[in-house]
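The next block is coords_21.txt, given as compact mmCIF, C-alpha atoms.
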# COMPACT_ATOMS: atom_id res chain seq x y z
CA MET A 167 17.17 46.70 -91.23
CA GLY A 168 14.89 45.68 -88.36
CA LYS A 169 11.74 43.64 -88.36
CA VAL A 170 8.06 44.23 -87.59
CA TYR A 171 5.70 41.85 -85.82
CA LEU A 172 1.99 42.49 -86.36
CA VAL A 173 0.61 40.86 -83.22
CA GLY A 174 -2.92 40.03 -82.13
CA ALA A 175 -3.15 40.64 -78.38
CA GLY A 176 -6.47 38.87 -77.99
CA PRO A 177 -9.82 40.26 -76.85
CA GLY A 178 -9.03 41.61 -73.37
CA ASP A 179 -8.17 38.82 -70.95
CA PRO A 180 -4.34 38.98 -70.97
CA ASP A 181 -4.05 35.21 -70.63
CA LEU A 182 -5.56 34.82 -74.09
CA ILE A 183 -2.49 36.14 -75.90
CA THR A 184 -0.47 33.46 -77.69
CA LEU A 185 3.04 32.46 -76.57
CA LYS A 186 4.41 33.82 -79.84
CA GLY A 187 2.67 37.13 -79.26
CA LEU A 188 4.08 37.36 -75.74
CA LYS A 189 7.60 36.68 -77.03
CA ALA A 190 7.18 39.46 -79.59
CA ILE A 191 6.36 41.87 -76.75
CA GLN A 192 9.34 40.74 -74.70
CA GLN A 193 11.80 41.11 -77.58
CA ALA A 194 10.56 44.43 -78.97
CA ASP A 195 12.59 47.63 -79.03
CA VAL A 196 9.45 49.56 -79.95
CA ILE A 197 5.80 48.71 -79.21
CA LEU A 198 2.90 50.50 -80.85
CA TYR A 199 -0.36 49.46 -79.17
CA ASP A 200 -4.06 50.09 -79.65
CA ARG A 201 -6.82 51.17 -77.23
CA LEU A 202 -8.32 47.71 -76.74
CA VAL A 203 -5.02 46.05 -75.81
CA ASN A 204 -4.92 45.06 -72.14
CA LYS A 205 -2.17 47.24 -70.67
CA ASP A 206 -1.09 44.41 -68.36
CA LEU A 207 0.64 42.95 -71.42
CA LEU A 208 2.95 45.96 -71.62
CA GLU A 209 4.52 44.89 -68.32
CA TYR A 210 6.38 42.20 -70.28
CA ALA A 211 8.16 44.79 -72.42
CA LYS A 212 11.86 45.46 -71.96
CA SER A 213 12.57 48.30 -69.53
CA ASP A 214 14.15 50.40 -72.29
CA ALA A 215 11.51 49.72 -74.95
CA ASP A 216 9.76 52.70 -76.52
CA ILE A 217 6.00 52.31 -76.02
CA ILE A 218 3.69 54.37 -78.25
CA TYR A 219 -0.08 54.61 -77.92
CA CYS A 220 -1.98 54.62 -81.21
CA GLY A 221 -5.49 54.04 -79.93
CA LYS A 222 -8.64 54.92 -81.81
CA LEU A 223 -12.00 56.01 -80.46
CA PRO A 224 -15.17 56.33 -82.54
CA ASN A 225 -14.77 59.54 -84.56
CA TYR A 226 -11.33 60.21 -83.03
CA HIS A 227 -7.97 58.75 -83.97
CA THR A 228 -4.97 59.48 -81.76
CA LEU A 229 -2.76 58.64 -84.72
CA LYS A 230 -3.93 58.39 -88.32
CA GLN A 231 -3.31 55.08 -90.05
CA GLU A 232 -0.79 56.67 -92.41
CA THR A 233 1.18 57.95 -89.41
CA ILE A 234 1.21 54.50 -87.82
CA ASN A 235 2.45 52.99 -91.08
CA ASN A 236 5.21 55.59 -91.23
CA PHE A 237 6.27 54.82 -87.65
CA LEU A 238 6.53 51.10 -88.42
CA VAL A 239 8.71 51.83 -91.44
CA LYS A 240 10.84 54.45 -89.69
CA PHE A 241 11.73 52.34 -86.66
CA ALA A 242 12.37 49.20 -88.72
CA LYS A 243 14.74 51.12 -90.99
CA LYS A 244 16.66 52.12 -87.86
CA GLY A 245 17.26 48.44 -87.16
CA LYS A 246 14.65 48.13 -84.40
CA ILE A 247 12.49 45.14 -83.56
CA VAL A 248 8.99 46.61 -83.73
CA THR A 249 5.87 45.00 -82.30
CA ARG A 250 2.55 46.39 -83.50
CA LEU A 251 0.15 45.24 -80.81
CA LYS A 252 -3.53 45.05 -81.76
CA GLY A 253 -6.63 43.98 -79.90
CA GLY A 254 -8.03 40.68 -81.16
CA ASP A 255 -6.49 39.52 -84.43
CA PRO A 256 -4.54 41.85 -86.75
CA PHE A 257 -6.34 40.59 -89.85
CA VAL A 258 -9.89 40.71 -88.43
CA PHE A 259 -10.94 44.36 -88.75
CA GLY A 260 -7.52 45.32 -87.40
CA ARG A 261 -6.05 47.02 -90.48
CA GLY A 262 -3.19 44.56 -90.35
CA GLY A 263 -3.44 44.04 -94.09
CA GLU A 264 -2.90 47.75 -94.72
CA GLU A 265 0.13 47.83 -92.45
CA ALA A 266 1.62 44.70 -94.01
CA GLU A 267 1.23 46.28 -97.45
CA ALA A 268 3.10 49.38 -96.30
CA LEU A 269 5.95 47.20 -95.04
CA VAL A 270 6.13 45.24 -98.29
CA GLN A 271 6.34 48.47 -100.26
CA GLN A 272 9.39 49.48 -98.22
CA GLY A 273 11.04 46.06 -98.36
CA ILE A 274 10.77 45.51 -94.60
CA SER A 275 10.69 42.03 -93.09
CA PHE A 276 7.60 41.24 -91.02
CA GLU A 277 5.61 38.44 -89.40
CA ILE A 278 1.91 38.12 -88.67
CA VAL A 279 1.10 36.72 -85.22
CA PRO A 280 -2.60 35.76 -85.15
CA GLY A 281 -4.69 36.53 -82.09
CA ILE A 282 -7.99 35.35 -80.66
CA THR A 283 -10.69 37.59 -82.07
CA SER A 284 -13.54 38.92 -79.93
CA GLY A 285 -16.19 37.53 -82.29
CA ILE A 286 -15.37 34.10 -80.91
CA ALA A 287 -13.92 34.91 -77.49
CA ALA A 288 -16.49 37.41 -76.22
CA ALA A 289 -19.25 35.03 -77.25
CA ALA A 290 -17.53 32.12 -75.47
CA TYR A 291 -17.11 34.17 -72.26
CA ALA A 292 -20.82 34.96 -72.46
CA GLY A 293 -21.68 31.27 -72.81
CA ILE A 294 -22.65 31.59 -76.48
CA PRO A 295 -21.17 28.97 -78.88
CA VAL A 296 -20.93 30.52 -82.34
CA THR A 297 -21.46 27.05 -83.84
CA HIS A 298 -23.60 24.17 -82.59
CA ARG A 299 -24.53 20.92 -84.31
CA GLU A 300 -28.25 21.56 -83.91
CA TYR A 301 -28.48 25.33 -84.33
CA SER A 302 -25.56 26.80 -86.23
CA ALA A 303 -23.44 25.29 -88.99
CA SER A 304 -22.12 28.64 -90.22
CA PHE A 305 -21.03 31.97 -88.82
CA ALA A 306 -19.73 35.22 -90.26
CA PHE A 307 -17.68 38.16 -89.04
CA VAL A 308 -19.35 41.41 -90.08
CA ALA A 309 -18.28 45.05 -89.81
CA GLY A 310 -21.05 47.03 -88.13
CA HIS A 311 -20.01 50.10 -90.04
CA ARG A 312 -18.19 50.64 -93.30
CA LYS A 313 -15.72 53.22 -94.46
CA ASP A 314 -17.52 56.48 -95.30
CA SER A 315 -20.78 54.95 -93.99
CA GLU A 316 -21.17 52.67 -96.99
CA HIS A 317 -23.97 50.69 -95.34
CA ASP A 318 -25.29 49.31 -98.60
CA ALA A 319 -21.96 47.61 -99.30
CA ILE A 320 -22.87 45.06 -96.60
CA LYS A 321 -24.72 42.15 -98.21
CA TRP A 322 -27.63 42.06 -95.78
CA ASP A 323 -29.71 39.70 -97.88
CA SER A 324 -26.99 37.02 -97.91
CA LEU A 325 -26.25 37.49 -94.22
CA ALA A 326 -29.88 37.32 -93.16
CA LYS A 327 -30.74 34.24 -95.22
CA GLY A 328 -27.47 32.37 -95.62
CA VAL A 329 -25.62 32.51 -92.28
CA ASP A 330 -26.77 30.98 -88.98
CA THR A 331 -24.72 33.13 -86.57
CA LEU A 332 -23.48 36.68 -87.09
CA ALA A 333 -20.67 38.27 -85.07
CA ILE A 334 -20.92 41.99 -85.71
CA TYR A 335 -18.03 44.26 -84.77
CA MET A 336 -18.19 48.02 -84.14
CA GLY A 337 -21.93 48.14 -84.58
CA VAL A 338 -23.43 49.69 -81.44
CA ARG A 339 -24.05 53.08 -82.99
CA ASN A 340 -25.68 51.47 -86.03
CA LEU A 341 -27.68 48.91 -84.07
CA PRO A 342 -31.12 50.23 -85.14
CA TYR A 343 -30.02 50.13 -88.78
CA ILE A 344 -28.52 46.64 -88.42
CA CYS A 345 -31.69 45.22 -86.88
CA GLN A 346 -33.82 46.92 -89.48
CA GLN A 347 -31.79 45.50 -92.37
CA LEU A 348 -31.71 41.96 -90.98
CA MET A 349 -35.49 41.94 -90.51
CA LYS A 350 -36.05 43.56 -93.90
CA HIS A 351 -34.05 40.80 -95.59
CA GLY A 352 -35.54 37.76 -93.90
CA LYS A 353 -34.74 37.49 -90.18
CA THR A 354 -37.81 37.52 -87.94
CA SER A 355 -38.25 40.09 -85.21
CA ALA A 356 -37.99 37.22 -82.69
CA THR A 357 -34.42 36.33 -83.73
CA PRO A 358 -32.22 36.28 -80.60
CA ILE A 359 -29.44 38.86 -80.29
CA ALA A 360 -26.85 39.65 -77.63
CA LEU A 361 -24.50 42.55 -76.98
CA ILE A 362 -21.37 41.74 -74.97
CA HIS A 363 -19.71 44.83 -73.50
CA TRP A 364 -15.97 44.60 -72.75
CA GLY A 365 -15.98 40.89 -73.59
CA THR A 366 -13.51 38.69 -71.64
CA CYS A 367 -12.60 41.59 -69.33
CA ALA A 368 -13.34 41.74 -65.61
CA ASP A 369 -16.28 44.12 -66.13
CA GLN A 370 -17.86 42.18 -68.99
CA ARG A 371 -21.62 42.67 -69.23
CA THR A 372 -24.08 40.94 -71.57
CA VAL A 373 -27.60 41.95 -72.52
CA THR A 374 -29.90 39.83 -74.66
CA GLY A 375 -33.14 40.37 -76.52
CA THR A 376 -34.54 39.98 -80.02
CA LEU A 377 -34.11 41.98 -83.19
CA GLY A 378 -37.43 43.61 -82.36
CA THR A 379 -36.58 44.56 -78.75
CA ILE A 380 -32.81 44.95 -78.45
CA VAL A 381 -32.57 48.63 -79.41
CA ASP A 382 -34.71 49.68 -76.46
CA ILE A 383 -32.91 47.26 -74.14
CA VAL A 384 -29.49 48.60 -75.10
CA LYS A 385 -30.68 52.16 -74.59
CA GLU A 386 -32.13 51.34 -71.17
CA GLU A 387 -29.01 49.40 -70.08
CA GLN A 388 -26.70 52.10 -71.53
CA ILE A 389 -24.56 49.63 -73.45
CA GLU A 390 -21.85 51.38 -75.44
CA ASN A 391 -18.69 50.51 -77.35
CA PRO A 392 -16.70 48.36 -77.20
CA SER A 393 -19.37 45.71 -77.56
CA MET A 394 -19.65 42.61 -79.72
CA ILE A 395 -23.04 41.86 -81.28
CA ILE A 396 -24.04 38.21 -81.73
CA VAL A 397 -27.16 37.33 -83.75
CA GLY A 398 -28.68 33.87 -84.02
CA GLU A 399 -30.36 31.01 -82.18
CA VAL A 400 -27.15 30.22 -80.29
CA VAL A 401 -27.71 33.35 -78.20
CA ASN A 402 -30.31 31.33 -76.27
CA PHE A 403 -27.46 29.36 -74.67
CA HIS A 404 -26.34 32.46 -72.75
CA ASP A 405 -28.63 31.85 -69.77
CA ARG A 406 -27.45 28.25 -69.35
CA LEU A 407 -23.76 28.51 -70.22
CA ASN A 408 -22.92 31.95 -68.84
CA TRP A 409 -19.93 30.73 -66.81
CA PHE A 410 -17.95 33.99 -66.63
CA GLU A 411 -20.48 36.57 -65.49
CA LYS A 412 -22.79 34.21 -63.59
CA THR A 413 -20.07 32.96 -61.26
CA GLY A 414 -18.47 36.37 -60.85
CA GLN A 415 -15.25 34.80 -62.07
CA HIS A 416 -12.63 37.30 -63.18
CA TYR A 417 -9.42 36.52 -64.98
CA TYR A 418 -6.22 35.83 -63.11
CA SER A 419 -3.03 36.16 -65.08
CA PHE A 420 -1.16 32.87 -64.91
CA ALA A 421 1.37 34.32 -67.35
CA GLN A 422 2.91 36.26 -64.47
CA GLU A 423 4.06 33.00 -62.92
CA ALA A 424 5.11 31.36 -66.19
CA TYR A 425 7.36 34.19 -67.33
What does the file become when written as structure tokens?
Amino acid sequence: MGKVYLVGAGPGDPDLITLKGLKAIQQADVILYDRLVNKDLLEYAKSDADIIYCGKLPNYHTLKQETINNFLVKFAKKGKIVTRLKGGDPFVFGRGGEEAEALVQQGISFEIVPGITSGIAAAAYAGIPVTHREYSASFAFVAGHRKDSEHDAIKWDSLAKGVDTLAIYMGVRNLPYICQQLMKHGKTSATPIALIHWGTCADQRTVTGTLGTIVDIVKEEQIENPSMIIVGEVVNFHDRLNWFEKTGQHYYSFAQEAY
């Protein structure tokens, strides 16, 4: 019997993967990777490793989740070391919990390797601290869409009134609805909001506005997925702390020299 590693690859910049995650790539016989994984990381795979793309686009899945689960089980039962490589963190909107359950049901050994999630990293690369002693003592990760469009399952009232900073994943398509619900439940139309497109990657781009103006701004700037949405007063730090885009600094992979 083999073993499965459910690995968070980080948000895009390949240097943000953990050492444990990198070792899992190097040791794997089989790698199943998602769309948002930086492909530079695959260069660390063994030359004879099987590499399988399982990426998902909005409304289109290359492989269904059940098929991915079956692959993990099948290869592990053949005695393979399997690395399931996911963008961000496997347990933050990464379906890692579902995959771990499938492995438990089949009695397969596995490890979870946490990764840096884009809700924190994309904001940091845009100069937006998700917490700040004066402006934000709480933050929440929120799914911008729910399974079968169950919008009402999101507790908008609690989010609008009880959390200082919101990091909203997968929400570009539902941005008008999100802004509407936040204002309906207590946020003012002047509440700052940012969308960070391809956060931490070389072509990262950030647009800012307010809940009342951002929909038109996003349409004019043609911001699409993948983009992280940050809502809260901390967005105002973007203009002052925008170190990554303002300086034109792009990532350089130091891992190439270390390994």
Handout entry: Shell around Leu251 in chain A at 7 Å using only C-alpha atoms, local window under 3 positions removed, as a ChimeraX atom specification
Key = /A:172-175,197-200
Handout entry: Distance in Å - CA of Leu229 in chain A versus CA of Gly262 in chain A
Key = 15.2 Å
Practice task
Find the residues around Gly273 in chain A up to 10 Å (only C-alpha atoms counted), leave out those fewer than 4 positions away in its own chain, and share them as a PyMOL selection string.
Solution key: chain A and resi 167+239+243+267-269
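From CA of Gln231 in chain A back to CA of Leu332 in chain A, the distance works out to 27.5 Å.
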Centre, edges in Å (one decimal): axis-aligned box, range 397-407 of chain A, 8 Å padding on all six sides, as AutoDock Vina command-line options:
--center_x -27.1 --center_y 32.8 --center_z -76.7 --size_x 22.6 --size_y 25.1 --size_z 30.7
Practice task
Do a neighbour search on Ile183 in chain A at 9 Å with only C-alpha atoms, toss out local chain neighbours closer than 5 positions, and write the hits as a list in words.
Solution key: Gly174, Ala175, Gly176, Pro177, Gly178, Leu188, Leu207, Gly254, Gly281 and Ile282 of chain A
Can you tell me, as a CSV table (one decimal) with C-alpha atoms, in the frame of the given file, what residues are no more than 10 Å from Lys321 in chain A when counting all atoms listed in the file, ignoring any on the same chain fewer than 6 positions away?
chain,number,residue,atom,x,y,z
A,308,VAL,CA,-19.4,41.4,-90.1
A,347,GLN,CA,-31.8,45.5,-92.4
A,351,HIS,CA,-34.0,40.8,-95.6
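For the set A:Lys212, A:Lys327, A:Lys350, A:Arg261, the residue with the smallest atom-to-atom gap to Lys230 in chain A is A:Arg261, counting all atoms listed in the file.
When CA of Asn391 in chain A is paired with CA of Ala360 in chain A, their separation reads 13.6 Å.
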Practice task
Identify which of the residues A:Asp195, A:Cys220, A:Ile334, A:Arg201 lies closest to Phe259 in chain A, counting all atoms listed in the file when measuring atom-to-atom distances.
Solution key: A:Ile334
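Closest approach to Ile217 in chain A among A:Ser324, A:Thr376, A:Thr249, A:Thr354: A:Thr249, based on only C-alpha atoms.
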Handout entry: Residues near Leu348 in chain A, cut-off 9 Å, only C-alpha atoms, skip fewer than 3 positions along chain, as a PyMOL selection string
Key = chain A and resi 322-323+325-327+343-345+351-355+377
Answer as a compact mmCIF listing (two decimals) with C-alpha atoms, keeping the file's coordinate frame, residues within 9 Å of (-20.2, 36.4, -81.6) using only C-alpha atoms:
# COMPACT_ATOMS: atom_id res chain seq x y z
CA SER A 284 -13.54 38.92 -79.93
CA GLY A 285 -16.19 37.53 -82.29
CA ILE A 286 -15.37 34.10 -80.91
CA ALA A 287 -13.92 34.91 -77.49
CA ALA A 288 -16.49 37.41 -76.22
CA ALA A 289 -19.25 35.03 -77.25
CA ALA A 290 -17.53 32.12 -75.47
CA ILE A 294 -22.65 31.59 -76.48
CA PRO A 295 -21.17 28.97 -78.88
CA VAL A 296 -20.93 30.52 -82.34
CA PHE A 305 -21.03 31.97 -88.82
CA ALA A 306 -19.73 35.22 -90.26
CA PHE A 307 -17.68 38.16 -89.04
CA THR A 331 -24.72 33.13 -86.57
CA LEU A 332 -23.48 36.68 -87.09
CA ALA A 333 -20.67 38.27 -85.07
CA ILE A 334 -20.92 41.99 -85.71
CA TYR A 335 -18.03 44.26 -84.77
CA ALA A 360 -26.85 39.65 -77.63
CA LEU A 361 -24.50 42.55 -76.98
CA ILE A 362 -21.37 41.74 -74.97
CA MET A 394 -19.65 42.61 -79.72
CA ILE A 395 -23.04 41.86 -81.28
CA ILE A 396 -24.04 38.21 -81.73
CA VAL A 397 -27.16 37.33 -83.75
CA VAL A 401 -27.71 33.35 -78.20
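The nearest approach to Thr297 in chain A among the residues A:Glu265, A:Asp206, A:Asp369, A:Asp330, with only C-alpha atoms taken into account, belongs to A:Asp330.
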Practice task
Return the single residue from A:Cys367, A:Val373, A:Leu238, A:Val258 that is closest to Pro280 in chain A, with distances computed using all atoms listed in the file.
Solution key: A:Val258
Problem - Residue among A:His298, A:Lys186, A:His404, A:Lys412 lying closest to Ile278 in chain A, counting all atoms listed in the file - result: A:Lys186
